[in-house]
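Data block for work09.csv (CSV, C-alpha atoms):
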```csv
chain,number,residue,atom,x,y,z
P,21,MET,CA,-5.4,-9.5,-4.5
P,22,ASN,CA,-7.2,-6.2,-4.7
P,23,ARG,CA,-5.5,-3.1,-3.3
P,24,GLN,CA,-6.2,0.6,-3.4
P,25,ILE,CA,-3.4,2.4,-5.2
P,26,ASP,CA,-3.7,6.1,-5.8
P,27,LYS,CA,-3.0,6.0,-9.5
P,28,ASN,CA,-3.1,9.8,-9.8
P,29,LEU,CA,-0.3,10.1,-7.2
P,30,VAL,CA,1.7,7.4,-8.9
P,31,LYS,CA,1.4,9.2,-12.2
P,32,GLU,CA,2.3,12.5,-10.6
P,33,ARG,CA,5.5,11.1,-8.9
P,34,PHE,CA,6.7,9.2,-12.0
P,35,SER,CA,6.0,12.2,-14.2
P,36,LYS,CA,8.1,14.4,-11.9
P,37,ALA,CA,11.0,11.8,-12.0
P,38,ILE,CA,11.1,11.5,-15.8
P,39,ASP,CA,14.3,13.6,-16.1
P,40,THR,CA,16.2,11.9,-13.3
P,41,TYR,CA,14.9,8.3,-13.7
P,42,THR,CA,17.2,6.9,-16.3
P,43,HIS,CA,20.4,8.1,-14.5
P,44,GLU,CA,19.2,7.0,-11.0
P,45,ALA,CA,17.4,3.8,-11.9
P,46,ILE,CA,20.4,1.5,-11.9
P,47,VAL,CA,18.5,-1.4,-10.5
P,48,GLN,CA,15.7,-1.1,-13.0
P,49,GLN,CA,18.4,-1.0,-15.7
P,50,HIS,CA,19.8,-4.2,-14.4
P,51,ILE,CA,16.4,-5.8,-14.4
P,52,ALA,CA,15.7,-4.7,-18.0
P,53,GLU,CA,19.0,-6.3,-19.1
P,54,GLN,CA,18.1,-9.5,-17.2
P,55,MET,CA,14.7,-9.6,-18.8
P,56,CYS,CA,16.2,-9.3,-22.3
P,57,ASN,CA,18.8,-12.0,-21.5
P,58,ILE,CA,16.1,-14.4,-20.2
P,59,LEU,CA,13.8,-13.8,-23.2
P,60,LYS,CA,16.7,-14.4,-25.6
P,61,LYS,CA,17.4,-17.7,-23.9
P,62,PHE,CA,13.9,-19.0,-23.5
P,63,ILE,CA,11.7,-17.5,-26.2
P,64,PRO,CA,12.3,-18.2,-29.9
P,65,SER,CA,12.3,-15.2,-32.2
P,66,GLU,CA,9.2,-16.2,-34.1
P,67,LYS,CA,7.2,-15.6,-30.9
P,68,LYS,CA,7.9,-11.9,-31.1
P,69,GLY,CA,5.8,-10.8,-34.0
P,70,ALA,CA,3.2,-8.6,-32.2
P,71,VAL,CA,4.3,-7.4,-28.7
P,72,LEU,CA,2.6,-5.3,-26.1
P,73,GLU,CA,4.7,-3.7,-23.4
P,74,ILE,CA,2.9,-2.6,-20.2
P,75,GLY,CA,4.5,0.2,-18.2
P,76,CYS,CA,7.3,1.3,-20.5
P,77,GLY,CA,8.3,4.3,-18.5
P,78,THR,CA,11.3,6.0,-19.9
P,79,GLY,CA,12.0,3.1,-22.2
P,80,LEU,CA,14.9,1.3,-20.4
P,81,PHE,CA,13.5,-2.1,-21.4
P,82,THR,CA,12.0,-1.0,-24.7
P,83,ARG,CA,15.3,0.2,-26.1
P,84,LEU,CA,17.1,-2.9,-25.1
P,85,PHE,CA,14.4,-5.1,-26.4
P,86,LEU,CA,14.3,-3.4,-29.8
P,87,LYS,CA,18.0,-3.8,-30.2
P,88,GLU,CA,17.9,-7.5,-29.5
P,89,ASN,CA,14.7,-8.4,-31.4
P,90,THR,CA,13.1,-8.1,-34.8
P,91,ILE,CA,9.4,-7.6,-34.4
P,92,ASN,CA,6.4,-6.8,-36.7
P,93,ARG,CA,4.6,-4.6,-34.3
P,94,LEU,CA,5.3,-3.2,-30.8
P,95,THR,CA,2.7,-1.3,-28.8
P,96,ILE,CA,4.1,0.4,-25.7
P,97,ASN,CA,1.9,1.5,-22.9
P,98,ASP,CA,2.4,3.7,-19.8
P,99,ILE,CA,0.1,5.5,-17.4
P,100,CYS,CA,2.2,8.7,-17.8
P,101,ASP,CA,1.4,10.5,-21.0
P,102,ILE,CA,4.7,12.4,-20.7
P,103,SER,CA,6.6,9.2,-21.2
P,104,LYS,CA,5.9,9.5,-24.9
P,105,LEU,CA,8.1,12.6,-25.1
P,106,GLY,CA,11.2,10.6,-24.4
P,107,LEU,CA,10.3,7.8,-26.7
P,108,GLU,CA,9.3,9.7,-29.9
P,109,ASP,CA,12.5,8.6,-31.7
P,110,LEU,CA,11.2,5.0,-31.4
P,111,LEU,CA,7.7,5.6,-32.6
P,112,GLY,CA,6.8,4.9,-36.2
P,113,GLU,CA,5.2,2.3,-38.5
P,114,LYS,CA,6.2,-0.6,-36.2
P,115,VAL,CA,6.1,1.1,-32.8
P,116,SER,CA,3.1,2.9,-31.3
P,117,PHE,CA,2.4,4.5,-27.9
P,118,PHE,CA,-0.9,3.6,-26.1
P,119,PRO,CA,-1.3,5.8,-23.0
P,120,GLY,CA,-3.4,5.1,-19.9
P,121,ASP,CA,-4.0,2.8,-17.0
P,122,ALA,CA,-3.5,-0.7,-18.4
P,123,GLU,CA,-5.9,-2.1,-15.8
P,124,ARG,CA,-8.7,0.0,-17.3
P,125,LEU,CA,-7.8,0.1,-21.0
P,126,ASN,CA,-9.1,-2.2,-23.7
P,127,LEU,CA,-5.7,-3.6,-24.7
P,128,PRO,CA,-5.0,-4.8,-28.2
P,129,ASP,CA,-5.8,-8.4,-29.1
P,130,ASN,CA,-3.8,-11.1,-30.8
P,131,GLN,CA,-0.5,-10.4,-29.1
P,132,ASP,CA,2.3,-12.9,-29.5
P,133,MET,CA,3.9,-11.5,-26.3
P,134,ILE,CA,2.8,-9.3,-23.5
P,135,VAL,CA,5.8,-8.1,-21.5
P,136,SER,CA,6.0,-5.8,-18.4
P,137,CYS,CA,9.2,-4.8,-16.7
P,138,SER,CA,9.1,-3.3,-13.1
P,139,ALA,CA,5.5,-2.1,-13.4
P,140,ILE,CA,2.7,-4.4,-12.2
P,141,GLN,CA,3.5,-3.9,-8.5
P,142,TRP,CA,1.7,-0.6,-8.9
P,143,PHE,CA,-1.6,-2.3,-10.0
P,144,ASP,CA,-4.7,-2.6,-7.9
P,145,ASN,CA,-5.0,-6.2,-8.8
P,146,PRO,CA,-1.8,-7.4,-10.4
P,147,ILE,CA,-2.7,-11.1,-10.4
P,148,GLY,CA,-6.1,-10.4,-11.9
P,149,PHE,CA,-4.5,-8.4,-14.6
P,150,LEU,CA,-2.0,-11.1,-15.5
P,151,LYS,CA,-4.9,-13.7,-15.7
P,152,ASN,CA,-6.8,-11.4,-18.0
P,153,CYS,CA,-3.8,-11.0,-20.3
P,154,LYS,CA,-4.4,-14.5,-21.6
P,155,GLU,CA,-7.4,-13.2,-23.5
P,156,LYS,CA,-5.2,-10.8,-25.4
P,157,LEU,CA,-2.6,-13.4,-26.4
P,158,THR,CA,-2.5,-15.6,-29.4
P,159,ASP,CA,-2.5,-19.4,-28.9
P,160,SER,CA,0.6,-20.3,-27.1
P,161,GLY,CA,1.4,-16.6,-26.6
P,162,ILE,CA,4.0,-15.5,-24.0
P,163,LEU,CA,3.5,-13.5,-20.9
P,164,ALA,CA,6.8,-12.1,-19.5
P,165,ILE,CA,7.1,-10.0,-16.4
P,166,SER,CA,9.4,-8.7,-13.8
P,167,SER,CA,8.2,-7.2,-10.6
P,168,PHE,CA,9.2,-7.2,-7.0
P,169,ALA,CA,8.8,-9.6,-4.1
P,170,PRO,CA,8.1,-8.9,-0.3
P,171,GLU,CA,11.8,-8.3,0.5
P,172,ASN,CA,11.8,-5.2,-1.7
P,173,PHE,CA,12.5,-2.1,0.4
P,174,LYS,CA,12.3,-4.1,3.5
P,175,GLU,CA,14.2,-1.4,5.4
P,176,ILE,CA,11.6,1.2,4.6
P,177,LYS,CA,8.8,-1.2,5.5
P,178,GLU,CA,10.3,-2.1,8.9
P,179,ILE,CA,10.6,1.6,9.9
P,180,ASN,CA,7.3,3.1,8.7
P,181,SER,CA,5.4,0.5,6.7
P,182,CYS,CA,5.1,3.0,3.7
P,183,THR,CA,5.7,0.5,0.9
P,184,LEU,CA,3.6,-1.4,-1.5
P,185,GLN,CA,2.2,-4.9,-0.6
P,186,TYR,CA,4.5,-6.9,-2.8
P,187,ILE,CA,3.4,-10.4,-3.8
P,188,SER,CA,5.7,-13.5,-3.6
P,189,ILE,CA,6.7,-15.2,-6.8
P,190,ASP,CA,5.3,-18.5,-5.4
P,191,LYS,CA,1.9,-16.9,-5.0
P,192,ILE,CA,1.9,-15.5,-8.5
P,193,LYS,CA,3.0,-18.8,-10.0
P,194,LYS,CA,0.2,-20.7,-8.1
P,195,SER,CA,-2.4,-18.1,-9.1
P,196,LEU,CA,-1.5,-18.3,-12.8
P,197,SER,CA,-1.0,-22.1,-13.0
P,198,ASN,CA,-4.4,-22.8,-14.4
P,199,TYR,CA,-3.9,-20.2,-17.2
P,200,TYR,CA,-0.2,-20.5,-18.1
P,201,ASP,CA,2.6,-23.0,-18.2
P,202,ILE,CA,5.5,-21.5,-16.3
P,203,ILE,CA,8.6,-21.6,-18.5
P,204,TYR,CA,11.0,-19.7,-16.2
P,205,SER,CA,10.9,-18.1,-12.8
P,206,SER,CA,13.6,-16.6,-10.5
P,207,GLU,CA,14.2,-13.9,-8.0
P,208,GLU,CA,17.2,-12.1,-6.6
P,209,ASN,CA,18.2,-9.6,-3.9
P,210,ILE,CA,20.1,-6.5,-5.0
P,211,TYR,CA,21.7,-4.2,-2.3
P,212,LEU,CA,22.4,-0.5,-2.8
P,213,TYR,CA,24.4,1.5,-0.3
P,214,PHE,CA,24.1,5.2,0.4
P,215,ASP,CA,25.9,7.7,2.6
P,216,SER,CA,22.8,8.5,4.7
P,217,PRO,CA,19.1,7.7,5.0
P,218,LYS,CA,18.3,11.1,3.4
P,219,GLU,CA,20.2,9.9,0.3
P,220,VAL,CA,18.0,6.8,0.3
P,221,LEU,CA,14.9,9.1,0.2
P,222,LYS,CA,16.4,11.2,-2.6
P,223,HIS,CA,17.1,8.0,-4.6
P,224,LEU,CA,13.5,6.9,-4.2
P,225,LYS,CA,12.2,10.4,-5.2
P,226,LYS,CA,14.4,10.5,-8.3
P,227,THR,CA,13.1,7.1,-9.5
P,228,GLY,CA,9.5,8.0,-8.7
P,229,VAL,CA,9.0,5.0,-6.4
P,230,ASN,CA,7.8,7.2,-3.5
P,231,GLY,CA,4.4,7.1,-5.2
P,232,ILE,CA,2.3,5.9,-2.3
P,233,ARG,CA,3.4,8.3,0.4
P,234,LYS,CA,1.0,11.2,0.4
P,235,GLU,CA,2.1,13.0,3.6
P,236,LYS,CA,5.0,15.5,3.5
P,237,TRP,CA,7.9,14.9,5.8
P,238,THR,CA,7.9,17.0,8.9
P,239,LYS,CA,11.3,17.8,10.5
P,240,LYS,CA,10.6,15.5,13.4
P,241,ASN,CA,9.4,12.6,11.2
P,242,LEU,CA,12.4,12.9,9.0
P,243,ASN,CA,14.8,12.9,11.9
P,244,ASP,CA,13.1,9.9,13.5
P,245,PHE,CA,13.2,8.0,10.3
P,246,CYS,CA,16.9,8.8,9.7
P,247,LEU,CA,17.9,7.8,13.3
P,248,LYS,CA,16.0,4.4,13.0
P,249,TYR,CA,17.3,3.7,9.6
P,250,LYS,CA,20.9,4.4,10.6
P,251,LYS,CA,20.6,2.4,13.8
P,252,HIS,CA,19.2,-0.8,12.1
P,253,PHE,CA,20.7,-0.7,8.6
P,254,SER,CA,24.2,0.8,8.8
P,255,THR,CA,27.2,-1.1,7.4
P,256,THR,CA,30.6,-1.4,8.8
P,257,ASP,CA,31.9,1.4,6.5
P,258,ASP,CA,29.2,3.8,7.8
P,259,LYS,CA,26.9,3.4,4.8
P,260,VAL,CA,23.2,2.5,4.9
P,261,ARG,CA,21.6,-0.3,2.9
P,262,LEU,CA,18.5,-0.5,0.7
P,263,THR,CA,17.2,-3.8,-0.6
P,264,TYR,CA,15.6,-4.5,-4.0
P,265,ASN,CA,14.0,-7.9,-4.5
P,266,PRO,CA,13.2,-8.3,-8.2
P,267,ILE,CA,11.4,-11.4,-9.6
P,268,TYR,CA,11.2,-12.7,-13.2
P,269,LEU,CA,8.5,-14.8,-14.7
P,270,ILE,CA,8.0,-16.1,-18.2
P,271,CYS,CA,4.7,-18.0,-18.9
P,272,LYS,CA,3.2,-19.6,-22.0
P,273,LYS,CA,-0.6,-19.5,-22.5
P,274,LYS,CA,-2.2,-22.9,-22.0
P,275,GLN,CA,-4.1,-24.2,-25.0
P,276,ASN,CA,-7.0,-25.5,-22.8
P,277,GLU,CA,-6.7,-23.5,-19.6
P,278,LYS,CA,-9.0,-24.5,-16.6
P,279,GLU,CA,-11.4,-21.9,-15.4
```
Let me see whether you can do it: turn the structure in this file into C-alpha cells.
Amino acid sequence: MNRQIDKNLVKERFSKAIDTYTHEAIVQQHIAEQMCNILKKFIPSEKKGAVLEIGCGTGLFTRLFLKENTINRLTINDICDISKLGLEDLLGEKVSFFPGDAERLNLPDNQDMIVSCSAIQWFDNPIGFLKNCKEKLTDSGILAISSFAPENFKEIKEINSCTLQYISIDKIKKSLSNYYDIIYSSEENIYLYFDSPKEVLKHLKKTGVNGIRKEKWTKKNLNDFCLKYKKHFSTTDDKVRLTYNPIYLICKKKQNEKE
C-alpha cells in the first residue's frame, strides 16, 4: 500500500510536540506498556540480544523495554533528530541512536528483534517496510509492532477526512503470512473524552499526530468542525469522544519464506 506522506511535515509536527508529548500521550503510554507485557509473555529473553527500534520518539517504549529486558545491543531510530536530546541518558556502549527516515535508511543487519511502537502508520508503504524487515533479522528473528487500525480517529475522519489511511490488522497479517509466522495479534478501542472539540485538536497538536493537515484553520472552518463534532460525538455528560484503535502484532521470521 503506497501512500504519499509529507515526511517533512510529520517531522516538523512531532519535533514541535517533543516537550508536550510525554505528558499528553496517555494512549501511547498505554500502548507501550501493552507491547512490553506482550513481549514478556510471548518472546523468550534469549531472542533479545540485538534489537532495533523503529520510531522511538521520546522513548516511552524504549525506557520500559530497557527496564524489562537485558540486551546486548539496542539501536533506536527516529525521523526526528531532536528526539536524541531526550534520550541521551540512555545512550552508551549498548544503546545507540540512528536518525532518519527508516523507509530510506540502510538499517543494521543481524537483528534478533525489530520492534516499532505507534510509528509505522506514518510510512509511505508500511506493509512493504515490514516485509523488508525480514532481511535484517537473524534466522527466526522477531518482528513486533503496534500501529493503528481504521477505527482510529474515526470522529475526525467522519467530519473532514483529514486522517491517515490506517490498515486493518487482518490485511497486515495476510500480507505478511508468506514471510512470518504470526505469534500474536490483537486490537482494542480506547476512548478519550474532552470538554470540547477544540480540546481534541489541542490534544492532537500536543502529541504531534496532526502531521498530515497542511492547511491552517480559518475561523469558519474551525467553527464548522466544532459544531459537527459536538453534534455527532457528544456524550450524556456533555463531553466529546475521540477513538484510538491500536493493534499489536508479533511475528517470527519464517525459515523458508515463500516469495
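If you measure from each of P:Asp215, P:Glu44, P:Glu73, P:Glu175 to P:Val135 using all atoms listed in the file, the closest one turns out to be P:Glu73.
Taking atom CA of P:Ser205 as the reference point, atom CA of P:Thr227 is found at 25.5 Å.
Of the residues listed (P:Asn28, P:Ser167, P:Thr82, P:Asn241), P:Thr82 shows the shortest atom-to-atom separation from P:Leu107; distances use all atoms listed in the file.
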Within 8 Å of stretch 257-273 of chain P, which residues of stretch 161-211 of chain P come that close, and what is the closest atom pair and distance in Å for each? Count all atoms listed in the file and give it as a tab-separated table.
```
residue	atom	partner	partner_atom	distance
P:Gly161	CA	P:Lys273	CA	5.4
P:Ile162	CA	P:Lys272	CA	4.6
P:Leu163	CA	P:Cys271	CA	5.1
P:Ala164	CA	P:Ile270	CA	4.4
P:Ile165	CA	P:Leu269	CA	5.3
P:Ser166	CA	P:Tyr268	CA	4.4
P:Ser167	CA	P:Ile267	CA	5.4
P:Phe168	CA	P:Pro266	CA	4.3
P:Ala169	CA	P:Asn265	CA	5.5
P:Pro170	CA	P:Asn265	CA	7.3
P:Glu171	CA	P:Asn265	CA	5.5
P:Asn172	CA	P:Asn265	CA	4.5
P:Phe173	CA	P:Thr263	CA	5.1
P:Lys174	CA	P:Thr263	CA	6.4
P:Glu175	CA	P:Leu262	CA	6.4
P:Ile189	CA	P:Ile267	CA	6.7
P:Tyr199	CA	P:Lys273	CA	6.3
P:Tyr200	CA	P:Lys273	CA	4.5
P:Asp201	CA	P:Lys272	CA	5.1
P:Ile202	CA	P:Cys271	CA	4.4
P:Ile203	CA	P:Cys271	CA	5.3
P:Tyr204	CA	P:Ile270	CA	5.1
P:Ser205	CA	P:Leu269	CA	4.5
P:Ser206	CA	P:Tyr268	CA	5.3
P:Glu207	CA	P:Ile267	CA	4.1
P:Glu208	CA	P:Asn265	CA	5.7
P:Asn209	CA	P:Asn265	CA	4.6
P:Ile210	CA	P:Tyr264	CA	5.0
P:Tyr211	CA	P:Thr263	CA	4.8
```
Using only C-alpha atoms, which protein or nucleic acid residues come within 8 Å of P:Asn180? Drop anything in the same chain fewer than 3 positions from it, and give the result as a tab-separated table (two decimals) with C-alpha atoms, in the coordinates of the input.
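Once everything was written out, this is selection-v4.tsv:
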```
chain	number	residue	atom	x	y	z
P	176	ILE	CA	11.60	1.20	4.60
P	177	LYS	CA	8.80	-1.20	5.50
P	245	PHE	CA	13.20	8.00	10.30
```
Can you tell me, as number ranges by chain, what residues are no more than 7 Å from P:Cys76 when counting all atoms listed in the file, ignoring any on the same chain fewer than 2 positions away?
P: 73-74, 78-79, 82, 96-98
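Closest approach to P:Arg93 among P:Lys114, P:Lys151, P:Lys156, P:His252 is made by P:Lys114 (distances from all atoms listed in the file).
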Q) Any idea what's packed within 12 Å of stretch 36-43 of chain P, counting all atoms listed in the file, ignoring anything in its chain fewer than 5 positions away? Could you give it as a PyMOL selection string? A) chain P and resi 29-31+48-50+52+76-81+100-107+222-231
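Distance annotation: of P:Phe143, P:Asp159, P:Glu88, P:Ala70, the residue with the minimal separation from P:Gln131 is P:Ala70; atom set is only C-alpha atoms.
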I want to know what sits within 10 Å of P:Ile192, based on only C-alpha atoms, with residues of the same chain fewer than 6 positions away left out; could you give that as an mmCIF file with C-alpha atoms, in the coordinates of the input?
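Saved the output as selection_20.cif:
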```cif
data_model
loop_
_atom_site.group_PDB
_atom_site.id
_atom_site.type_symbol
_atom_site.label_atom_id
_atom_site.label_comp_id
_atom_site.auth_asym_id
_atom_site.auth_seq_id
_atom_site.Cartn_x
_atom_site.Cartn_y
_atom_site.Cartn_z
ATOM 1 C CA PRO P 146 -1.800 -7.400 -10.400
ATOM 2 C CA ILE P 147 -2.700 -11.100 -10.400
ATOM 3 C CA LEU P 150 -2.000 -11.100 -15.500
ATOM 4 C CA LEU P 269 8.500 -14.800 -14.700
#
```
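If you look at atom CA of P:Val115 and atom CA of P:Thr95, they are 5.8 Å away from each other.
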